[in-house]
Each structure stands twice: as C-alpha cells, then as structure tokens.
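Chemist: Following this message is one structure expressed as structure tokens.
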Amino acid sequence: MQFTDLGLAEPLLRAVREQGYDTPTPIQQQAIPAVLAGGDLMAGAQTGTGKTAGFTLPMLHRLAAAGPKRDARGRIAIRALILTPTRELAAQVEESVRTYGKYLPLKSMVMFGGVGMQPQIDRLRQGVDILVATPGRLLDHHGQRTLDLSQVEIFVLDEADRMLDMGFIHDIKKVLAVLPAKKQSLLFSATFSDEIKALADRLLNQPALIEVARRNSTVEAIVQKVHPVGRERKKELLAHLIKQGDWHQVLVFTRMKHGANRLAEYLNEHGISAMAIHGNKSQTARTKALADFKRGELQVLVATDIAARGIDIDQLPHVVNFELPNVPEDYVHRIGRTGRAGATGEAISLACVDEDIFLRDIERLIKRSIPREPVPGFEPPAGEKAEPIVLGRMTIGVGGTRRHGNAPAGRGGGGGSQGRSAGHGGGGRPAAQGGGGGRPAAHHGGAGGGANGGRSASGGGSGDGRPRPAQGGPQRHDDRPRARGQAARRDGGPRR
Ligand code: AMP
C-alpha cells in the first residue's frame with residue numbers, strides 16, 4: 001500500500017513525499033481510513049510506530065475539507081485539540097502538524113506550562129485551528145477564559161497510558177467536561193489497562209479498534225529499580241554498575257551542575273568516558289558531546305533536568321537517577337528517556353536515606369512502588385540517618401525546603417531558615433524557555449545554554465549530596481531547587 005491509496009488530499013501527500021515516506025506504517029494504514037471515515041478510534045500503538053502521522057494526516061484532511069470556523073468573537077476557532085502528557089511530546093506533535101500541514105492554510109499552536117501565559121494568550125487571539133497541549137496549562141487558560149473549546153470537532157488523547165501514570169486523570173476528566181459532546185475522539189495508548197478501558201468507555205462512541213505489534217514485544221515498559229546506597233558511595237556504585245553491566249549510552253541525572261561536573265570527572269578518572277552537559281558549556285561543546293554520545297563514542301552523559309530538556313535523545317538503554325529529583329514529575333520526565341518504542345530500557349535510581357522522602361512522593365505520583373535492590377557491597381551503612389540535603393543556600397529533604405540567609409550553609413545547618421520556600425525565590429523558570437508563540441526553546445536544543453549561559457556559578461551545594469560551604473552571591477536557576485508543587489504548574493503537570 002502507498003500513501004496515495006489512502007484518499008488523502010494532494011497537499012498532504014506532497015508534504016509526506018517531502019519527508020521521504022512512500023509506504024504508510026501499519027498503524028497509519030489502519031488509522032488513516034478510520035479517522036477519515038469520521039468515527040471514534042481506540043488505537044494501541046506506541047512511539048516509533050508512526051502513530052503521530054496516523055492521526056495528524058487524516059485530521060488535517062478533515063479540517064481542511066471543512067474549511068475554517070469562527071468563534072463568537074470572529075476568530076478562527078479551535079477545531080482540533082490534541083492532549084499529550086509531556087511538553088516534549090506536545091512540541092513534537094505540533095511539529096508534525098506543521099510539517100504535514102505545511103501546504104494547508106491551517107494554524108496550529110503548542111501550549112504547555114512553565115512558560116509565560118501571555119505569549120500563549122496573544123497567539124490564541126490570532127486564531128488557532130489545531131491546539132496541542134498538556135492538560136494543566138490548558139485548564140489554566142480555560143479557567144481564565146482565554147481559551148474557547150466549544151467548537152472542538154476532533155479530540156485526540158495521545159499516550160493516554162502515560163497520562164494516567166502521571167496522575168492526569170482528574171485533569172483529563174475536567175477537559176472532557178468542557179468539550180462539546182458531539183465530536184470525533186481518538187485515543188492512543190501503548191497499553192490497555194483497566195483504567196484506560198474505563199476512560200475509553202467514557203470518551204469513545206463505538207470506536208474502531210486498532211492494535212499494532214510492538215517493535216519489541218518482550219519488554220512491556222521501562223524497568224524501574226532503586227539501589228539503596230550509602231550517602232557517600234554513590235559514585236563508586238555507579239562506576240561499578242557501568243563496568244559490571246558493560247553499559248553504554250547511559251544518561252545520568254544529577255540535581256545540580258556542580259554535581260554533574262564532579263561526577264563526570266570521577267567517571268573519567270575511573271576509565272569511563274563521561275561528560276557533563278549543561279549551560280556552562282559552549283554550544284559547540286554540547287553539540288559535540290551529544291553527537292559523540294549518540295554515536296556511542298561517549299559512554300555517559302551527565303545532565304541536570306534543565307540541561308536534559310534541551311537535548312533530543314530518548315530510547316536510551318539506561319537512565320540513572322544519581323540523585324532523585326525533589327520534584328516527582330521530573331522523575332517521570334527523566335525515565336521517559338528510556339524504553340520508548342519497546343526497546344529495552346532500564347531506569348535506575350541510586351537512593352540514599354536522605355532521599356526516602358522524594359522516593360515516597362515519586363511512588364505516590366506513579367502509583368506503584370519501585371523495587372529496592374541493594375547491590376552487595378554497597379548497602380547503606382546500618383544506622384545511617386536521614387539528613388537535609390544542602391543545595392547552596394537551600395536545604396531540601398527532611399525538615400522541608402528552607403532557604404537560608406547569607407550564613408554559610410552546611411549539612412544540618414537549618415537554623416537560619418527564613419521559612420521561604422525555594423521555589424518562590426526563583427521567579428519561575430529561566431527566561432530562555434519563555435519563547436514566543438509558545439514554542440519551547442528547549443525543543444531546539446538551546447534552552448540549556450540560554451537558561452544557564454555565561455556566568456559562572458557561585459558557591460553551591462554538592463551534586464553528590466555532600467555539604468559544601470555556600471559562598472554567597474546569587475544562585476543561578478539551574479542550581480535552584482524547586483519547591484515541590486511548583487513543578488506541577490511549570491510542566492503542565494498534574495495538580496494534586
Ligand atoms: P511516531 O511514532 O509518530 O513518533 O513516529 C516515529 C517516527 O517515524 C517519526 O520520526 C516519523 O517521522 C517517522 N515516520 C512516520 N511515518 C513514517 C512512514 N510512513 N515511513 C517512514 N517513517 C515514518
């Protein structure tokens with residue numbers, strides 16, 4: 001079967017041809033006719049199967065054929081809404097909408113949290129046919145009446161299983177409640193749990209059912225485990241795991257960039273090629289590190305959450321949380337870098353007693369417990385007690401998040417707390433992510449550099465959790481721990 005056999009309009013076929021595709025993938029062969037026919041669809045397909053074009057192409061065809069609609073204020077009305085679990089996926093999907101729709105007069109927009117509302121409001125005012133959004137920010141706009149969803153004709157729930165894993169069910173229900181009852185609904189999910197089936201029952205009306213084979217049917221999902229370890233032995237354990245397992249292409253997350261640098265140095269000293277990637281590096285150095293890593297010439301890339309957001313890598317065999325994030329949603333983003341498309345993926349967390357509190361929050365968010373597997377010889381020392389984690393002038397962990405005055409901070413030095421939450425000092429996320437029109441700077445690989453660029457860091461805590469005296473001076477964004485709860489707004493993540 002060729003794309004030309006599917007009944008798609010010529011401008012779409014031209015765009016597809018330009019991408020170099022002749023043959024539709026199995027999901028496209030089934031989904032495109034089903035969506036063109038106008039009915040609901042429940043599709044079992046994961047990333048890598050070509051599912052995005054599977055719903056985007058027929059959606060564009062139908063919208064173009066019907067012609068634009070105006071809302072009450074005379075603006076082009078939103079006729080298609082695509083909900084995705086993460087900002088990265090939202091950006092990718094909207095990119096596909098623009099790629100395939102480049103010869104059609106349809107306007108699209110991506111919307112997610114963590115960036116300013118105003119550019120999104122401005123963009124909405126100009127009129128949008130197709131909106132790709134994460135649920136949290138979508139609801140924020142709806143709540144502020146800056147968004148009109150009353151004319152939506154096609155609704156797509158992409159990666160529905162990941163949405164539920166991330167705790168979005170309440171947000172999804174709220175979105176469904178404000179959409180018109182009469183619409184075409186498409187649900188894409190890699191797995192069909194009872195929860196997904198319940199959601200499908202609620203959303204879909206006599207749907208066509210499509211399921212395509214996984215690329216690798218042996219691995220269901222990301223294998224997650226926690227290796228409990230003594231506070232001081234994480235580096236050793238990581239080097240041990242990498243060597244024992246002969247791991248290549250390992251993405252390691254640290255909380256702060258100082259920790260990332262020190263860890264990369266340690267690994268290099270121990271015969272493991274590693275590089276820390278963050279905004280203090282020049283763009284050339286970052287690009288080279290990433291290219292080497294993708295080619296398999298660099299074994300380990302060490303990144304902070306913000307730096308990682310700017311890099312286009314996923315489907316990695318190993319993702320390691322050298323430190324658990326204090327914002328549970330970041331855990332989900334991190335482990336999403338592995339195991340997609342059914343490839344073997346392992347997400348490993350090295351957790352010391354100080355991080356138990358973060359682990360509990362993560363497990364609550366993902367609604368499952370992550371198996372603890374101590375590595376012989378690296379078990380936490382008996383009687384090790386949880387202590388707050390010092391990050392520059394902040395402490396997080398036991399005792400809550402505290403910001404300290406100018407007094408040097410040290411482990412346990414919580415006395416100088418001014419009782420402010422860390423997140424409030426930060427003024428939100430780095431300005432570099434606030435690109436106009438809702439486009440994420442991060443998607444283009446520039447956010448890390450832009451967010452962190454230029455100035456050298458001051459003082460700061462250690463990424464490996466060891467106390468270091470703070471040297472005063474302003475904390476930079478990348479080093480500023482976020483208060484829990486703040487991330488939900490930033491990421492368009494679930495509200496709890
Ligand atoms: P997706 O599963 O939608 O994330 O798509 C996975 C990748 O397959 C993307 O990079 C698409 O550009 C690519 N792709 C989509 N459709 C086709 C096709 N018919 N032939 C070859 N590649 C495709």
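Each chain of the structure tokens is named A, B, ... in the order shown, its residues numbered from 1; ligands are numbered from 1 in display order.
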What's around A:Met42 at 9 Å? Count only C-alpha atoms, leave out sequence neighbours fewer than 2 positions away in its own chain, and write the answer as JSON, numbers by chain.
Modeler: {"A": [40, 44, 185, 186, 187, 188, 189, 200, 204, 207, 208, 209, 210, 211]}
Chemist: Residues within 12 Å of A:Arg17, please, as an MDAnalysis selection string. Count only C-alpha atoms; anything in the same chain fewer than 6 positions from it doesn't count.
Modeler: chainID A and resid 2:4 10:11 23:24 99:100
Chemist: Any chance you could export the current selection's N, CA and C atoms as a JSON list (two decimals), in the first residue's frame?
Modeler:
```json
[["chain", "number", "residue", "atom", "x", "y", "z"],
["A", 2, "GLN", "N", 0.43, 2.24, -0.75],
["A", 2, "GLN", "CA", 1.16, 3.52, -0.80],
["A", 2, "GLN", "C", 0.31, 4.60, -0.12],
["A", 3, "PHE", "N", 0.94, 5.72, 0.21],
["A", 3, "PHE", "CA", 0.18, 6.84, 0.79],
["A", 3, "PHE", "C", -0.91, 7.32, -0.17],
["A", 4, "THR", "N", -0.58, 7.22, -1.47],
["A", 4, "THR", "CA", -1.55, 7.71, -2.47],
["A", 4, "THR", "C", -2.83, 6.89, -2.49],
["A", 10, "GLU", "N", -4.14, 16.15, -1.84],
["A", 10, "GLU", "CA", -2.84, 16.32, -2.51],
["A", 10, "GLU", "C", -1.82, 17.12, -1.68],
["A", 11, "PRO", "N", -2.22, 18.23, -1.03],
["A", 11, "PRO", "CA", -1.20, 18.97, -0.25],
["A", 11, "PRO", "C", -0.59, 18.12, 0.87],
["A", 23, "THR", "N", 5.53, 4.50, 1.95],
["A", 23, "THR", "CA", 4.67, 3.44, 2.45],
["A", 23, "THR", "C", 4.16, 3.80, 3.84],
["A", 24, "PRO", "N", 2.85, 3.77, 4.03],
["A", 24, "PRO", "CA", 2.34, 4.03, 5.37],
["A", 24, "PRO", "C", 2.71, 2.88, 6.31],
["A", 99, "THR", "N", 4.61, 20.15, 9.96],
["A", 99, "THR", "CA", 5.29, 19.50, 8.83],
["A", 99, "THR", "C", 4.28, 18.98, 7.81],
["A", 100, "TYR", "N", 3.31, 18.23, 8.29],
["A", 100, "TYR", "CA", 2.36, 17.61, 7.35],
["A", 100, "TYR", "C", 1.35, 18.63, 6.82]]
```
Chemist: Which of these residues is nearest to ligand 1, using only C-alpha atoms and all ligand atoms: A:Leu139, A:Ala90, A:Ala80, A:Val35?
Modeler: A:Ala90
Chemist: With only C-alpha atoms and all ligand atoms counted, collect every polymer residue having an atom within 10 Å of ligand 1; state the result as JSON, numbers by chain.
Modeler: {"A": [2, 3, 16, 17, 19, 20, 21, 22, 23, 24, 25, 26, 27, 28, 29, 45, 46, 47, 48, 49, 50, 51, 52, 53, 54, 55, 56, 89, 92, 93, 96, 99, 340, 341]}
Chemist: Can you pull out every residue from stretch 131-179 of chain A that DSSP, working from the backbone, puts in alpha helix (DSSP H), and format the result as a PDB file with C-alpha atoms, in the first residue's frame?
Modeler:
```pdb
ATOM      1  CA  PRO A 135      -3.617  19.314  30.408  1.00  0.00           C
ATOM      2  CA  GLY A 136      -2.546  21.620  33.248  1.00  0.00           C
ATOM      3  CA  ARG A 137      -1.890  24.719  31.186  1.00  0.00           C
ATOM      4  CA  LEU A 138      -4.901  24.043  29.001  1.00  0.00           C
ATOM      5  CA  LEU A 139      -7.094  24.136  32.090  1.00  0.00           C
ATOM      6  CA  ASP A 140      -5.344  27.267  33.341  1.00  0.00           C
ATOM      7  CA  HIS A 141      -6.299  29.022  30.114  1.00  0.00           C
ATOM      8  CA  HIS A 142      -9.786  27.667  30.204  1.00  0.00           C
ATOM      9  CA  GLY A 143     -10.160  28.841  33.792  1.00  0.00           C
ATOM     10  CA  ALA A 160      -3.153   8.000  27.319  1.00  0.00           C
ATOM     11  CA  ASP A 161      -1.417   5.397  29.460  1.00  0.00           C
ATOM     12  CA  ARG A 162       1.442   7.739  30.256  1.00  0.00           C
ATOM     13  CA  MET A 163      -1.089  10.411  31.115  1.00  0.00           C
ATOM     14  CA  LEU A 164      -2.699   8.163  33.667  1.00  0.00           C
ATOM     15  CA  ASP A 165       0.681   7.075  35.018  1.00  0.00           C
ATOM     16  CA  ILE A 169      -6.889  11.506  35.196  1.00  0.00           C
ATOM     17  CA  HIS A 170      -8.635  14.352  37.014  1.00  0.00           C
ATOM     18  CA  ASP A 171      -7.339  16.906  34.552  1.00  0.00           C
ATOM     19  CA  ILE A 172      -8.463  14.743  31.637  1.00  0.00           C
ATOM     20  CA  LYS A 173     -11.940  14.491  33.122  1.00  0.00           C
ATOM     21  CA  LYS A 174     -12.061  18.241  33.549  1.00  0.00           C
ATOM     22  CA  VAL A 175     -11.052  18.738  29.923  1.00  0.00           C
ATOM     23  CA  LEU A 176     -13.664  16.254  28.723  1.00  0.00           C
ATOM     24  CA  ALA A 177     -16.296  18.132  30.689  1.00  0.00           C
ATOM     25  CA  VAL A 178     -15.682  21.328  28.742  1.00  0.00           C
TER      26      VAL A 178
END
```
Chemist: Leaving out A:Pro374 and any residue of its chain fewer than 2 positions from it, which residues lie within 6 Å of it when counting only C-alpha atoms, given as number ranges by chain?
Modeler: A: 227-228, 379
Chemist: Mind dumping the selected residues with N, CA and C atoms as a PDB file, in the first residue's frame?
Modeler:
```pdb
ATOM      1  N   HIS A 227      18.432   1.248  43.764  1.00  0.00           N
ATOM      2  CA  HIS A 227      19.516   0.638  44.526  1.00  0.00           C
ATOM      3  C   HIS A 227      19.751   1.507  45.764  1.00  0.00           C
ATOM      4  N   PRO A 228      19.314   1.051  46.933  1.00  0.00           N
ATOM      5  CA  PRO A 228      19.618   1.831  48.135  1.00  0.00           C
ATOM      6  C   PRO A 228      21.125   1.807  48.368  1.00  0.00           C
ATOM      7  N   GLU A 379      25.476  -1.704  50.229  1.00  0.00           N
ATOM      8  CA  GLU A 379      24.271  -1.458  51.027  1.00  0.00           C
ATOM      9  C   GLU A 379      24.488  -0.227  51.910  1.00  0.00           C
TER      10      GLU A 379
END
```
